[in-house]
Amino acid sequence: MSDLGEWLAGTGPDHDIVMSTRIRLARNVIRFPFLSRIEPEAKTDLEQFLRRELERADLGEVGYQNLDEASQLDRDCLVERHLISRDHANGRGDRGVALEAQGTLSVMVNEEDHLRIQVLRSGLQTSAAFRHILDVDQRLEARLDYAYSPEFGYLTACPSNVGTGMRVSVMLHLPALVITKKVEKVFNAVSKINLAVRGFFGEGTHSQGDFYQISNQITLGRSEEEILTSISDYVPHIVEFERNMRNRLLSESRRAIEDRVYRALGLLQHARLISSEETMEYLSAVRMGVNLGLIDWLSIAEVNELFLNTQPAHLQKHCGRQLESAERDASRADYLRERLAGQ
Amino acid sequence: MICDNCDKTATVHLTEIVQQYKKESHLCKDCANARGLRIQKPSQEQPPFVLKEFLEKIKPPLPEPRRSFPPCPECGITLEDFQRTGRLGCAHDYEHMEVALRPLLEKIHGATQHVGRLPLRIGERVDAEQLLQALERELDEVVAREQYERAAELRDKIRQLREGQA
């Protein structure tokens with residue numbers, strides 16, 4: 001449990017609906033080409049150079065892992081914890097990640113950009129996350145010459161990140177808006193103010209377990225503060241909308257909501273084979289049930305832990321061996337039965 | 001519809017206003033001819049000759065805006081490479097392909113000028129005047145937001161740059 005990381009603890013503001021706040025900064029250093037044009041030797045040099053600077057930058061209790069030397073399973077676990085991207089896990093050559101013990105800070109080296117600095121916080125904490133990442137960025141900036149132009153700002157491999165290089169994403173759990181079919185309405189409104197909606201694992205992924213990520217699309221021509229405000233002003237409206245819908249469901253169709261929550265719980269408690277998608281779906285209903293006070297013997301932190309530990313890589317870690325897909329469905333069901341037994 | 005005069009199919013439909021009354025007749029081609037109605041086919045008439053339009057048509061096409069660039073001298077990437085992968089090869093590409101990138105940035109971000117933070121270690125590498133402008137922009141912003149610590153840093157940097165210029 002203590003190993004989960006702050007962002008899964010389910011403690012931050014509005015954590016019943018906002019799972020986490022994430023900010024990332026894309027940075028490149030001068031004298032090295034971007035990753036798409038770098039030779040393998042230069043890539044190795046760059047990784048060693050950045051690793052050394054990260055270690056010297058006094059970023060707190062931070063460990064560094066070269067991902068080319070890590071096992072596929074370890075890499076997948078980091079993806080499941082949202083500490084590295086899927087592309088970074090599956091990439092090639094010398095690349096790595098600096099991780100802070102609490103799981104709130106990760107710095108990817110040699111991903112799409114030389115550095116991808118990321119801070120993750122539980123609940124809606126845009127300001128706290130920004131203060132943290134700004135501190136990390138300034139410590140690195142004191143040692144590194146970032147690629148920058150006064151006109152285009154921080155220069156990035158993809159022009160969609162240029163300028164501030166900053167992406168703020170908030171992960172929202174919106175089961176009531178999904179049930180009442182209001183979620184489309186929210187997303188149409190969101191896209192009109194230049195915010196993007198993505199699935200559970202970010203860009204190019206679909207929604208799982210009623211989780212959606214909302215993030216800024218624009219990085220150039222707006223200051224960091226303006227970008228933060230666009231998110232922190234808008235997200236509370238969605239939170240309020242979800243909360244109202246939950247309350248309305250409870251007052252107008254309590255029996256139907258209880259049925260949905262307890263059926264989901266029953267399936268998780270008794271299934272003998274269960275896929276990760278199915279687990280996400282039922283855990284989503286259980287998570288809502290906990291937040292509505294329908295289930296009082298589980299905490300949000302425990303539900304978050306179940307979300308994480310039933311993902312394929314974490315499950316295999318838990319079992320201590322590699323598992324085929326069918327074996328995983330059996331092990332997942334066993335794990336859930338054991339964790340949810342006796343109630 | 002049958003002709004008003006005979007029982008052939010009516011192909012001419014005439015609407016007349018006679019002393020404020022609307023009168024409709026439906027005639028076959030022969031009866032219409034017999035009444036002296038001349039049917040004008042539309043679009044056969046040539047439009048009048050307008051010299052300006054004529055010249056417009058024979059004008060040689062404008063040269064295509066320059067879409068191709070030599071490969072970037074620093075990383076070797078071409079515009080076509082970028083268009084295929086969506087990824088630039090080095091920081092210099094923003095200068096090298098600026099003409100092609102500007103419309104793209106405008107489309108993605110609705111802007112082409114950075115506002116916001118800048119690293120304080122870049123003085124030696126960029127045009128001092130541009131840098132001063134960027135620093136002053138950020139200074140205005142942080143003062144408006146009452147972030148005085150950052151404002152002090154920026155003022156120091158601006159002073160330092162001005163002294164360097166003088």
# chains A, B, ... in the order shown; residues from 1 in each chain; ligands from 1

call {"tool": "interface_residues", "arguments": {"of": "chain B", "to": "chain A", "cutoff": "10 Å", "atoms": "only C-alpha atoms", "output": "PyMOL selection string"}}
result
chain B and resi 74-77+82+85-95+101-102+104-122+125-135+138+141-142+145

call {"tool": "select_by_dssp", "arguments": {"residues": "chain B", "states": "strand (DSSP E)", "output": "tab-separated table (two decimals) with C-alpha atoms, in the first residue's frame"}}
result
chain	number	residue	atom	x	y	z
B	12	VAL	CA	-44.35	25.08	-73.32
B	13	HIS	CA	-45.72	26.64	-70.13
B	14	LEU	CA	-46.56	30.30	-70.43
B	15	THR	CA	-47.54	32.65	-67.65
B	16	GLU	CA	-48.88	36.02	-68.83
B	17	ILE	CA	-50.15	38.97	-66.84
B	18	VAL	CA	-53.10	40.37	-68.76
B	21	TYR	CA	-54.80	38.93	-64.06
B	22	LYS	CA	-52.42	36.05	-64.21
B	23	LYS	CA	-53.09	33.76	-67.15
B	24	GLU	CA	-51.43	30.40	-67.56
B	25	SER	CA	-51.29	28.48	-70.86
B	26	HIS	CA	-49.86	25.06	-71.55
B	27	LEU	CA	-49.07	24.34	-75.20

call {"tool": "closest_residue", "arguments": {"among": "A:Ser299, A:Arg52, A:Ser20, A:Leu46", "to": "Leu172 (chain A)", "atoms": "only C-alpha atoms"}}
result
A:Ser20

call {"tool": "atom_distance", "arguments": {"atom1": "CA of Leu105 (chain A)", "atom2": "CA of Leu120 (chain A)"}}
result
6.4 Å

call {"tool": "select_by_dssp", "arguments": {"residues": "region 72-131 of chain A", "states": "alpha helix (DSSP H)", "output": "PyMOL selection string"}}
result
chain A and resi 72-80+86-90+126-131

call {"tool": "write_last_selection", "arguments": {"atoms": "N, CA and C atoms", "output": "compact mmCIF listing (two decimals), in the first residue's frame"}}
result
# COMPACT_ATOMS: atom_id res chain seq x y z
N GLN A 72 11.06 -6.05 -19.67
CA GLN A 72 9.80 -5.59 -20.26
C GLN A 72 8.72 -5.45 -19.18
N LEU A 73 8.73 -6.40 -18.23
CA LEU A 73 7.71 -6.39 -17.18
C LEU A 73 7.84 -5.14 -16.29
N ASP A 74 9.08 -4.79 -15.94
CA ASP A 74 9.29 -3.58 -15.13
C ASP A 74 8.86 -2.34 -15.90
N ARG A 75 9.20 -2.33 -17.20
CA ARG A 75 8.81 -1.17 -18.01
C ARG A 75 7.28 -1.05 -18.05
N ASP A 76 6.61 -2.22 -18.23
CA ASP A 76 5.15 -2.19 -18.29
C ASP A 76 4.53 -1.72 -16.96
N CYS A 77 5.16 -2.11 -15.86
CA CYS A 77 4.67 -1.65 -14.55
C CYS A 77 4.74 -0.13 -14.46
N LEU A 78 5.84 0.45 -14.98
CA LEU A 78 5.98 1.91 -14.94
C LEU A 78 4.91 2.58 -15.80
N VAL A 79 4.56 1.93 -16.92
CA VAL A 79 3.47 2.49 -17.76
C VAL A 79 2.16 2.45 -16.99
N GLU A 80 1.90 1.32 -16.34
CA GLU A 80 0.64 1.17 -15.60
C GLU A 80 0.54 2.17 -14.45
N ARG A 86 3.83 4.63 -22.87
CA ARG A 86 3.91 3.34 -23.56
C ARG A 86 5.02 3.36 -24.62
N ASP A 87 5.12 4.48 -25.34
CA ASP A 87 6.16 4.61 -26.37
C ASP A 87 7.56 4.52 -25.76
N HIS A 88 7.72 5.10 -24.59
CA HIS A 88 9.03 5.08 -23.95
C HIS A 88 9.37 3.66 -23.51
N ALA A 89 8.37 2.95 -23.01
CA ALA A 89 8.59 1.56 -22.57
C ALA A 89 9.01 0.69 -23.76
N ASN A 90 8.34 0.91 -24.89
CA ASN A 90 8.59 0.05 -26.05
C ASN A 90 9.65 0.61 -27.00
N THR A 126 -3.65 21.51 -9.34
CA THR A 126 -2.86 22.12 -10.41
C THR A 126 -1.77 23.04 -9.86
N SER A 127 -2.09 23.86 -8.87
CA SER A 127 -1.10 24.83 -8.37
C SER A 127 0.06 24.12 -7.68
N ALA A 128 -0.25 23.16 -6.83
CA ALA A 128 0.81 22.44 -6.12
C ALA A 128 1.69 21.69 -7.11
N ALA A 129 1.06 21.07 -8.10
CA ALA A 129 1.83 20.32 -9.11
C ALA A 129 2.72 21.28 -9.90
N PHE A 130 2.20 22.47 -10.21
CA PHE A 130 2.99 23.43 -10.97
C PHE A 130 4.18 23.94 -10.17
N ARG A 131 3.95 24.23 -8.88
CA ARG A 131 5.07 24.70 -8.04
C ARG A 131 6.18 23.65 -8.01

call {"tool": "residues_around", "arguments": {"residues": "region 253-267 of chain A", "least_positions_apart": "5", "cutoff": "6 Å", "atoms": "only C-alpha atoms", "output": "number ranges by chain"}}
result
A: 282, 285-286, 289

call {"tool": "write_last_selection", "arguments": {"atoms": "C-alpha atoms", "output": "short mmCIF file (atom, residue, chain, number, x, y, z; two decimals), in the first residue's frame"}}
result
data_model
loop_
_atom_site.label_atom_id
_atom_site.label_comp_id
_atom_site.auth_asym_id
_atom_site.auth_seq_id
_atom_site.Cartn_x
_atom_site.Cartn_y
_atom_site.Cartn_z
CA TYR A 282 -16.81 -3.20 -12.45
CA ALA A 285 -19.02 1.04 -10.42
CA VAL A 286 -17.55 -0.06 -7.07
CA GLY A 289 -20.43 2.99 -4.75
#

call {"tool": "closest_residue", "arguments": {"among": "A:Asn304, A:Thr180, A:Gln48, A:Gln322", "to": "Asp16 (chain A)", "atoms": "only C-alpha atoms"}}
result
A:Asn304

call {"tool": "atom_distance", "arguments": {"atom1": "CA of Ala70 (chain A)", "atom2": "CA of Glu111 (chain A)"}}
result
15.4 Å

call {"tool": "closest_residue", "arguments": {"among": "A:Lys181, A:Arg321, A:His173, A:His15", "to": "Ala301 (chain A)", "atoms": "only C-alpha atoms"}}
result
A:His15

call {"tool": "closest_residue", "arguments": {"among": "A:Phe187, A:Tyr64, A:Phe307, A:Tyr234", "to": "Met19 (chain A)", "atoms": "only C-alpha atoms"}}
result
A:Phe307
